[in-house]
Every structure is written in C-alpha cells, then in structure tokens.
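protein.txt, holding compact mmCIF, N, CA and C atoms:
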```
# COMPACT_ATOMS: atom_id res chain seq x y z
N MET A 681 75.20 67.29 71.30
CA MET A 681 74.48 67.10 72.56
C MET A 681 74.80 68.27 73.48
N PRO A 682 73.79 68.96 74.00
CA PRO A 682 74.01 70.11 74.87
C PRO A 682 74.77 69.74 76.15
N PHE A 683 75.37 70.75 76.75
CA PHE A 683 76.11 70.58 77.99
C PHE A 683 75.17 70.03 79.06
N GLY A 684 75.58 68.95 79.70
CA GLY A 684 74.69 68.29 80.64
C GLY A 684 75.05 68.49 82.10
N GLY A 685 76.11 69.25 82.37
CA GLY A 685 76.50 69.46 83.75
C GLY A 685 75.55 70.39 84.47
N GLY A 686 75.59 70.38 85.79
CA GLY A 686 74.80 71.31 86.58
C GLY A 686 75.41 72.70 86.53
N ARG A 687 74.94 73.55 87.39
CA ARG A 687 75.46 74.92 87.46
C ARG A 687 75.62 75.28 88.94
N TYR A 688 76.83 75.67 89.31
CA TYR A 688 77.18 75.92 90.71
C TYR A 688 77.84 77.28 90.86
N ARG A 689 77.74 77.86 92.05
CA ARG A 689 78.43 79.13 92.31
C ARG A 689 79.93 78.91 92.19
N PHE A 690 80.61 79.87 91.58
CA PHE A 690 82.05 79.76 91.32
C PHE A 690 82.81 80.33 92.51
N THR A 691 82.83 79.55 93.59
CA THR A 691 83.56 79.91 94.80
C THR A 691 84.52 78.78 95.13
N ARG A 692 85.52 79.09 95.93
CA ARG A 692 86.51 78.08 96.27
C ARG A 692 85.86 76.85 96.93
N SER A 693 84.97 77.07 97.88
CA SER A 693 84.36 75.93 98.57
C SER A 693 83.53 75.07 97.61
N MET A 694 82.86 75.67 96.64
CA MET A 694 82.09 74.90 95.67
C MET A 694 83.01 74.17 94.69
N VAL A 695 84.07 74.84 94.24
CA VAL A 695 85.01 74.21 93.29
C VAL A 695 85.74 73.04 93.95
N GLU A 696 85.98 73.12 95.24
CA GLU A 696 86.64 72.01 95.93
C GLU A 696 85.79 70.75 95.91
N GLY A 697 84.51 70.87 95.59
CA GLY A 697 83.64 69.72 95.45
C GLY A 697 83.60 69.15 94.03
N ALA A 698 84.27 69.81 93.09
CA ALA A 698 84.32 69.31 91.71
C ALA A 698 85.20 68.06 91.65
N PRO A 699 84.98 67.20 90.66
CA PRO A 699 85.72 65.94 90.62
C PRO A 699 87.18 66.09 90.20
N ALA A 700 87.99 65.17 90.69
CA ALA A 700 89.40 65.09 90.31
C ALA A 700 89.51 64.10 89.16
N ASP A 701 88.71 64.31 88.13
CA ASP A 701 88.62 63.41 86.98
C ASP A 701 88.79 64.23 85.69
N PRO A 702 89.02 63.54 84.56
CA PRO A 702 89.06 64.24 83.28
C PRO A 702 87.64 64.61 82.84
N GLY A 703 87.55 65.65 82.05
CA GLY A 703 86.25 66.04 81.53
C GLY A 703 86.26 67.44 80.96
N VAL A 704 85.08 67.99 80.83
CA VAL A 704 84.90 69.34 80.32
C VAL A 704 84.19 70.17 81.38
N TYR A 705 84.32 71.49 81.25
CA TYR A 705 83.65 72.38 82.18
C TYR A 705 83.21 73.63 81.45
N ALA A 706 82.22 74.28 82.02
CA ALA A 706 81.68 75.53 81.47
C ALA A 706 81.75 76.59 82.54
N LEU A 707 82.00 77.82 82.12
CA LEU A 707 82.01 78.96 83.03
C LEU A 707 80.99 79.99 82.54
N TRP A 708 80.24 80.54 83.47
CA TRP A 708 79.28 81.59 83.17
C TRP A 708 79.62 82.85 83.94
N GLU A 709 79.33 83.99 83.36
CA GLU A 709 79.34 85.26 84.08
C GLU A 709 77.89 85.70 84.12
N ARG A 710 77.29 85.58 85.29
CA ARG A 710 75.85 85.72 85.47
C ARG A 710 75.12 84.73 84.56
N ASP A 711 74.36 85.18 83.58
CA ASP A 711 73.63 84.25 82.71
C ASP A 711 74.32 83.97 81.39
N GLU A 712 75.46 84.58 81.14
CA GLU A 712 76.16 84.40 79.87
C GLU A 712 77.21 83.29 79.97
N LEU A 713 77.11 82.29 79.11
CA LEU A 713 78.16 81.28 79.02
C LEU A 713 79.39 81.95 78.42
N ILE A 714 80.51 81.96 79.14
CA ILE A 714 81.70 82.68 78.66
C ILE A 714 82.84 81.76 78.25
N TYR A 715 82.80 80.48 78.65
CA TYR A 715 83.95 79.63 78.36
C TYR A 715 83.60 78.16 78.47
N TYR A 716 84.10 77.37 77.52
CA TYR A 716 84.14 75.91 77.63
C TYR A 716 85.61 75.53 77.69
N GLY A 717 85.95 74.64 78.61
CA GLY A 717 87.32 74.17 78.73
C GLY A 717 87.35 72.67 78.95
N ARG A 718 88.57 72.12 78.93
CA ARG A 718 88.71 70.69 79.16
C ARG A 718 89.85 70.44 80.15
N ALA A 719 89.74 69.32 80.82
CA ALA A 719 90.79 68.84 81.72
C ALA A 719 91.15 67.44 81.25
N SER A 720 92.39 67.28 80.82
CA SER A 720 92.81 66.02 80.19
C SER A 720 92.84 64.84 81.14
N GLY A 721 93.00 65.11 82.42
CA GLY A 721 93.00 64.03 83.39
C GLY A 721 94.36 63.49 83.75
N SER A 722 95.33 63.54 82.82
CA SER A 722 96.65 62.99 83.14
C SER A 722 97.32 63.82 84.24
N LEU A 723 97.38 65.11 84.05
CA LEU A 723 97.94 66.00 85.07
C LEU A 723 96.93 67.04 85.54
N LEU A 724 95.85 67.19 84.79
CA LEU A 724 94.90 68.25 85.08
C LEU A 724 93.50 67.68 85.24
N SER A 725 92.95 67.79 86.44
CA SER A 725 91.59 67.34 86.70
C SER A 725 90.63 68.52 86.50
N ILE A 726 89.35 68.21 86.46
CA ILE A 726 88.34 69.27 86.38
C ILE A 726 88.53 70.24 87.55
N GLN A 727 88.69 69.71 88.73
CA GLN A 727 88.85 70.54 89.91
C GLN A 727 90.08 71.45 89.79
N ALA A 728 91.22 70.89 89.38
CA ALA A 728 92.45 71.68 89.25
C ALA A 728 92.30 72.77 88.20
N ALA A 729 91.66 72.44 87.08
CA ALA A 729 91.46 73.44 86.03
C ALA A 729 90.58 74.58 86.53
N LEU A 730 89.50 74.23 87.24
CA LEU A 730 88.61 75.27 87.78
C LEU A 730 89.33 76.15 88.79
N LEU A 731 90.19 75.56 89.62
CA LEU A 731 90.95 76.35 90.59
C LEU A 731 91.90 77.33 89.89
N GLU A 732 92.45 76.92 88.74
CA GLU A 732 93.30 77.84 87.96
C GLU A 732 92.50 79.06 87.50
N HIS A 733 91.29 78.82 87.02
CA HIS A 733 90.44 79.93 86.58
C HIS A 733 90.02 80.80 87.77
N LEU A 734 89.66 80.16 88.86
CA LEU A 734 89.22 80.89 90.05
C LEU A 734 90.31 81.79 90.60
N SER A 735 91.54 81.33 90.55
CA SER A 735 92.67 82.10 91.08
C SER A 735 93.07 83.26 90.17
N GLY A 736 92.63 83.21 88.91
CA GLY A 736 93.03 84.23 87.93
C GLY A 736 94.25 83.84 87.13
N ARG A 737 94.88 82.71 87.45
CA ARG A 737 96.09 82.30 86.73
C ARG A 737 95.78 81.91 85.28
N ALA A 738 94.53 81.61 84.97
CA ALA A 738 94.16 81.24 83.61
C ALA A 738 93.80 82.47 82.77
N GLY A 739 93.86 83.66 83.37
CA GLY A 739 93.58 84.89 82.63
C GLY A 739 92.42 85.67 83.21
N PRO A 740 92.38 86.95 82.91
CA PRO A 740 91.36 87.82 83.50
C PRO A 740 89.95 87.56 82.99
N CYS A 741 89.80 87.04 81.80
CA CYS A 741 88.46 86.85 81.24
C CYS A 741 87.66 85.84 82.06
N THR A 742 88.22 84.69 82.34
CA THR A 742 87.48 83.67 83.06
C THR A 742 87.47 83.90 84.57
N HIS A 743 88.35 84.73 85.05
CA HIS A 743 88.40 85.03 86.49
C HIS A 743 87.12 85.73 86.94
N ARG A 744 86.41 86.35 86.01
CA ARG A 744 85.17 87.06 86.34
C ARG A 744 83.95 86.14 86.38
N ALA A 745 84.16 84.85 86.15
CA ALA A 745 83.02 83.90 86.15
C ALA A 745 82.31 83.92 87.49
N THR A 746 81.00 83.69 87.44
CA THR A 746 80.19 83.65 88.66
C THR A 746 79.65 82.24 88.94
N HIS A 747 79.61 81.38 87.90
CA HIS A 747 79.09 80.02 88.04
C HIS A 747 79.90 79.07 87.16
N TYR A 748 79.83 77.80 87.48
CA TYR A 748 80.51 76.79 86.67
C TYR A 748 79.69 75.51 86.64
N GLY A 749 80.02 74.66 85.68
CA GLY A 749 79.44 73.33 85.59
C GLY A 749 80.49 72.39 85.01
N TRP A 750 80.27 71.09 85.11
CA TRP A 750 81.25 70.12 84.60
C TRP A 750 80.56 68.85 84.14
N GLU A 751 81.26 68.13 83.28
CA GLU A 751 80.87 66.79 82.83
C GLU A 751 82.13 65.93 82.82
N ILE A 752 82.07 64.75 83.39
CA ILE A 752 83.18 63.81 83.26
C ILE A 752 83.13 63.24 81.84
N SER A 753 84.30 63.09 81.22
CA SER A 753 84.36 62.60 79.84
C SER A 753 85.61 61.74 79.65
N LEU A 754 85.47 60.67 78.89
CA LEU A 754 86.61 59.84 78.55
C LEU A 754 87.46 60.48 77.46
N ASP A 755 86.88 61.38 76.67
CA ASP A 755 87.59 62.08 75.60
C ASP A 755 87.29 63.58 75.70
N PRO A 756 87.92 64.27 76.67
CA PRO A 756 87.62 65.68 76.89
C PRO A 756 87.85 66.57 75.67
N ALA A 757 88.88 66.30 74.88
CA ALA A 757 89.17 67.14 73.71
C ALA A 757 88.02 67.05 72.70
N ALA A 758 87.53 65.85 72.46
CA ALA A 758 86.43 65.68 71.50
C ALA A 758 85.15 66.31 72.03
N ARG A 759 84.87 66.15 73.32
CA ARG A 759 83.65 66.73 73.90
C ARG A 759 83.71 68.25 73.89
N GLU A 760 84.87 68.81 74.21
CA GLU A 760 85.02 70.27 74.16
C GLU A 760 84.79 70.78 72.73
N ALA A 761 85.37 70.10 71.75
CA ALA A 761 85.18 70.50 70.34
C ALA A 761 83.70 70.43 69.96
N GLU A 762 83.00 69.40 70.42
CA GLU A 762 81.57 69.27 70.14
C GLU A 762 80.79 70.43 70.75
N LEU A 763 81.08 70.76 72.00
CA LEU A 763 80.38 71.86 72.67
C LEU A 763 80.65 73.20 71.99
N LEU A 764 81.91 73.44 71.61
CA LEU A 764 82.24 74.69 70.93
C LEU A 764 81.56 74.78 69.56
N ALA A 765 81.52 73.66 68.83
CA ALA A 765 80.86 73.66 67.52
C ALA A 765 79.36 73.92 67.67
N GLU A 766 78.73 73.32 68.68
CA GLU A 766 77.30 73.56 68.94
C GLU A 766 77.05 75.03 69.25
N TYR A 767 77.88 75.60 70.10
CA TYR A 767 77.73 77.00 70.49
C TYR A 767 77.87 77.90 69.26
N LYS A 768 78.90 77.63 68.46
CA LYS A 768 79.14 78.44 67.27
C LYS A 768 77.99 78.32 66.27
N ALA A 769 77.45 77.14 66.11
CA ALA A 769 76.32 76.94 65.19
C ALA A 769 75.09 77.71 65.67
N THR A 770 74.91 77.81 66.98
CA THR A 770 73.76 78.49 67.54
C THR A 770 73.92 80.01 67.54
N PHE A 771 75.11 80.51 67.90
CA PHE A 771 75.32 81.94 68.10
C PHE A 771 76.22 82.60 67.06
N ASP A 772 76.75 81.82 66.12
CA ASP A 772 77.64 82.31 65.07
C ASP A 772 78.92 82.94 65.63
N ARG A 773 79.35 82.46 66.77
CA ARG A 773 80.60 82.91 67.40
C ARG A 773 80.94 81.93 68.52
N LEU A 774 82.16 82.03 69.02
CA LEU A 774 82.56 81.23 70.18
C LEU A 774 82.23 81.99 71.46
N PRO A 775 82.17 81.29 72.61
CA PRO A 775 82.01 82.01 73.87
C PRO A 775 83.09 83.06 74.03
N ARG A 776 82.77 84.13 74.68
CA ARG A 776 83.67 85.29 74.80
C ARG A 776 85.09 84.94 75.22
N CYS A 777 85.27 84.13 76.22
CA CYS A 777 86.61 83.83 76.71
C CYS A 777 87.32 82.75 75.88
N ASN A 778 86.61 81.97 75.11
CA ASN A 778 87.26 81.05 74.18
C ASN A 778 87.89 81.81 73.02
N ARG A 779 87.29 82.91 72.62
CA ARG A 779 87.86 83.73 71.54
C ARG A 779 89.16 84.37 71.98
N ARG A 780 89.28 84.68 73.24
CA ARG A 780 90.48 85.34 73.77
C ARG A 780 91.51 84.35 74.31
N GLY A 781 91.17 83.09 74.28
CA GLY A 781 92.11 82.08 74.80
C GLY A 781 92.01 81.87 76.28
N GLY A 782 90.88 82.26 76.91
CA GLY A 782 90.66 81.96 78.33
C GLY A 782 90.93 83.11 79.19
```

How does this structure look as structure tokens?
Amino acid sequence: MPFGGGRYRFTRSMVEGAPADPGVYALWERDELIYYGRASGSLLSIQAALLEHLSGRAGPCTHRATHYGWEISLDPAAREAELLAEYKATFDRLPRCNRRGG
C-alpha cells in the first residue's frame, strides 16, 4: 500500500505540528523521496524523530530534506519494511538516505 501521509514543508514550525505518536514518516528533497523512517512510540514519536532529522543529528543526508509526511501506525517496523519493499520493487533500489543509514 503506497504511503498515505500528506506532504508538508520541513520546517521547525511545521514539524511541531506532527503527532507525538508511533508511526512512519517520509522525507523528500524537492520532488525526490529520500528516506522512509519509523518512530517506535515508546521513547520516540513521529515528531521527535522528525526533529532529530531537522536538527541534523540524524545525519547530513536527511538534514537536506525540504518536505516530510507521516502516517500513524500500530506496527511502525512492519509498515516501514512494507514501504521500503514497495520502493525497491518500483525503483530497484532503496531511497538515497536509507542506503546510507539516514
């Protein structure tokens, strides 16, 4: 099932509106999807994970993102694996920042 989240500007004020729930998120650099990630929910919410990427603490690759989206999920690890498998089946590779580890 394709990613169903919206797409928002990757700015601090926009990320502060992301949910404090478990789920998956996508990062884009302009029109290119560069990363799928997950937030387990126990200690890491979607909002907290996005703030890590926005600050650059998650690595230089995702720090260049211009937009993000999210989906709340009861099983973020399984949903992330599904999204990555779909992407790989379509493009014969993983998103750029997933290959580098974020």

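The residue set within 8 Å of A:Thr746, counting all atoms listed in the file and dropping same-chain residues fewer than 2 places from it, reads Tyr688, Arg689, Phe690, Thr691, Leu707, Trp708, Glu709, Arg710, Asp711, Thr742, His743, Arg744 and Tyr748 of chain A.
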
(request) Please indicate the distance in Å from atom CA of A:Leu754 to atom CA of A:Asp701, rounded to one decimal place. (result) 9.4 Å

(request) Could you check which of A:Pro702, A:Leu730, A:Leu774, A:Arg692 is closest to A:Ile752, using only N, CA and C atoms? (result)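 Of all the options, A:Pro702 lies closest to A:Ile752.
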
(request) Give me every helix (DSSP H, G or I) residue in stretch 686-763 of chain A, going by DSSP on the backbone, as a ChimeraX atom specification. (result) /A:692-695,726-735,740-743,756-763

Could the centre and edge lengths of an axis-aligned box, enclosing all atoms of stretch 755-768 of chain A in the file with 6 Å extra on each side, be given in Å to one decimal as JSON?
```
{"center_x": 83.1, "center_y": 69.9, "center_z": 71.6, "size_x": 24.1, "size_y": 29.1, "size_z": 22.6}
```

Running DSSP on the backbone, which parts of chain A land in strand (DSSP E), as a PDB file with N, CA and C atoms, in the coordinates of the input?
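selection_32.pdb written:
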```pdb
ATOM      1  N   TYR A 688      76.830  75.670  89.310  1.00  0.00           N
ATOM      2  CA  TYR A 688      77.180  75.920  90.710  1.00  0.00           C
ATOM      3  C   TYR A 688      77.840  77.280  90.860  1.00  0.00           C
ATOM      4  N   ARG A 689      77.740  77.860  92.050  1.00  0.00           N
ATOM      5  CA  ARG A 689      78.430  79.130  92.310  1.00  0.00           C
ATOM      6  C   ARG A 689      79.930  78.910  92.190  1.00  0.00           C
ATOM      7  N   GLY A 703      87.550  65.650  82.050  1.00  0.00           N
ATOM      8  CA  GLY A 703      86.250  66.040  81.530  1.00  0.00           C
ATOM      9  C   GLY A 703      86.260  67.440  80.960  1.00  0.00           C
ATOM     10  N   VAL A 704      85.080  67.990  80.830  1.00  0.00           N
ATOM     11  CA  VAL A 704      84.900  69.340  80.320  1.00  0.00           C
ATOM     12  C   VAL A 704      84.190  70.170  81.380  1.00  0.00           C
ATOM     13  N   TYR A 705      84.320  71.490  81.250  1.00  0.00           N
ATOM     14  CA  TYR A 705      83.650  72.380  82.180  1.00  0.00           C
ATOM     15  C   TYR A 705      83.210  73.630  81.450  1.00  0.00           C
ATOM     16  N   ALA A 706      82.220  74.280  82.020  1.00  0.00           N
ATOM     17  CA  ALA A 706      81.680  75.530  81.470  1.00  0.00           C
ATOM     18  C   ALA A 706      81.750  76.590  82.540  1.00  0.00           C
ATOM     19  N   LEU A 707      82.000  77.820  82.120  1.00  0.00           N
ATOM     20  CA  LEU A 707      82.010  78.960  83.030  1.00  0.00           C
ATOM     21  C   LEU A 707      80.990  79.990  82.540  1.00  0.00           C
ATOM     22  N   TRP A 708      80.240  80.540  83.470  1.00  0.00           N
ATOM     23  CA  TRP A 708      79.280  81.590  83.170  1.00  0.00           C
ATOM     24  C   TRP A 708      79.620  82.850  83.940  1.00  0.00           C
ATOM     25  N   GLU A 709      79.330  83.990  83.360  1.00  0.00           N
ATOM     26  CA  GLU A 709      79.340  85.260  84.080  1.00  0.00           C
ATOM     27  C   GLU A 709      77.890  85.700  84.120  1.00  0.00           C
ATOM     28  N   GLU A 712      75.460  84.580  81.140  1.00  0.00           N
ATOM     29  CA  GLU A 712      76.160  84.400  79.870  1.00  0.00           C
ATOM     30  C   GLU A 712      77.210  83.290  79.970  1.00  0.00           C
ATOM     31  N   LEU A 713      77.110  82.290  79.110  1.00  0.00           N
ATOM     32  CA  LEU A 713      78.160  81.280  79.020  1.00  0.00           C
ATOM     33  C   LEU A 713      79.390  81.950  78.420  1.00  0.00           C
ATOM     34  N   ILE A 714      80.510  81.960  79.140  1.00  0.00           N
ATOM     35  CA  ILE A 714      81.700  82.680  78.660  1.00  0.00           C
ATOM     36  C   ILE A 714      82.840  81.760  78.250  1.00  0.00           C
ATOM     37  N   TYR A 715      82.800  80.480  78.650  1.00  0.00           N
ATOM     38  CA  TYR A 715      83.950  79.630  78.360  1.00  0.00           C
ATOM     39  C   TYR A 715      83.600  78.160  78.470  1.00  0.00           C
ATOM     40  N   TYR A 716      84.100  77.370  77.520  1.00  0.00           N
ATOM     41  CA  TYR A 716      84.140  75.910  77.630  1.00  0.00           C
ATOM     42  C   TYR A 716      85.610  75.530  77.690  1.00  0.00           C
ATOM     43  N   GLY A 717      85.950  74.640  78.610  1.00  0.00           N
ATOM     44  CA  GLY A 717      87.320  74.170  78.730  1.00  0.00           C
ATOM     45  C   GLY A 717      87.350  72.670  78.950  1.00  0.00           C
ATOM     46  N   ARG A 718      88.570  72.120  78.930  1.00  0.00           N
ATOM     47  CA  ARG A 718      88.710  70.690  79.160  1.00  0.00           C
ATOM     48  C   ARG A 718      89.850  70.440  80.150  1.00  0.00           C
ATOM     49  N   ALA A 719      89.740  69.320  80.820  1.00  0.00           N
ATOM     50  CA  ALA A 719      90.790  68.840  81.720  1.00  0.00           C
ATOM     51  C   ALA A 719      91.150  67.440  81.250  1.00  0.00           C
ATOM     52  N   HIS A 747      79.610  81.380  87.900  1.00  0.00           N
ATOM     53  CA  HIS A 747      79.090  80.020  88.040  1.00  0.00           C
ATOM     54  C   HIS A 747      79.900  79.070  87.160  1.00  0.00           C
ATOM     55  N   TYR A 748      79.830  77.800  87.480  1.00  0.00           N
ATOM     56  CA  TYR A 748      80.510  76.790  86.670  1.00  0.00           C
ATOM     57  C   TYR A 748      79.690  75.510  86.640  1.00  0.00           C
ATOM     58  N   GLY A 749      80.020  74.660  85.680  1.00  0.00           N
ATOM     59  CA  GLY A 749      79.440  73.330  85.590  1.00  0.00           C
ATOM     60  C   GLY A 749      80.490  72.390  85.010  1.00  0.00           C
ATOM     61  N   TRP A 750      80.270  71.090  85.110  1.00  0.00           N
ATOM     62  CA  TRP A 750      81.250  70.120  84.600  1.00  0.00           C
ATOM     63  C   TRP A 750      80.560  68.850  84.140  1.00  0.00           C
ATOM     64  N   GLU A 751      81.260  68.130  83.280  1.00  0.00           N
ATOM     65  CA  GLU A 751      80.870  66.790  82.830  1.00  0.00           C
ATOM     66  C   GLU A 751      82.130  65.930  82.820  1.00  0.00           C
ATOM     67  N   ILE A 752      82.070  64.750  83.390  1.00  0.00           N
ATOM     68  CA  ILE A 752      83.180  63.810  83.260  1.00  0.00           C
ATOM     69  C   ILE A 752      83.130  63.240  81.840  1.00  0.00           C
TER      70      ILE A 752
END
```

(request) Find the residues around A:Ala700 up to 7 Å (only N, CA and C atoms counted), leave out those fewer than 2 positions away in its own chain, and share them as a ChimeraX atom specification. (result) /A:697-698,702,721,724-728

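If you look at atom C of A:Gly736 and atom N of A:Pro699, they are 19.4 Å away from each other.
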
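With only N, CA and C atoms as the atoms that count, the minimum distance from A:Leu763 to the choices A:Cys777, A:Glu696, A:Leu731, A:Tyr716 is reached by A:Tyr716.
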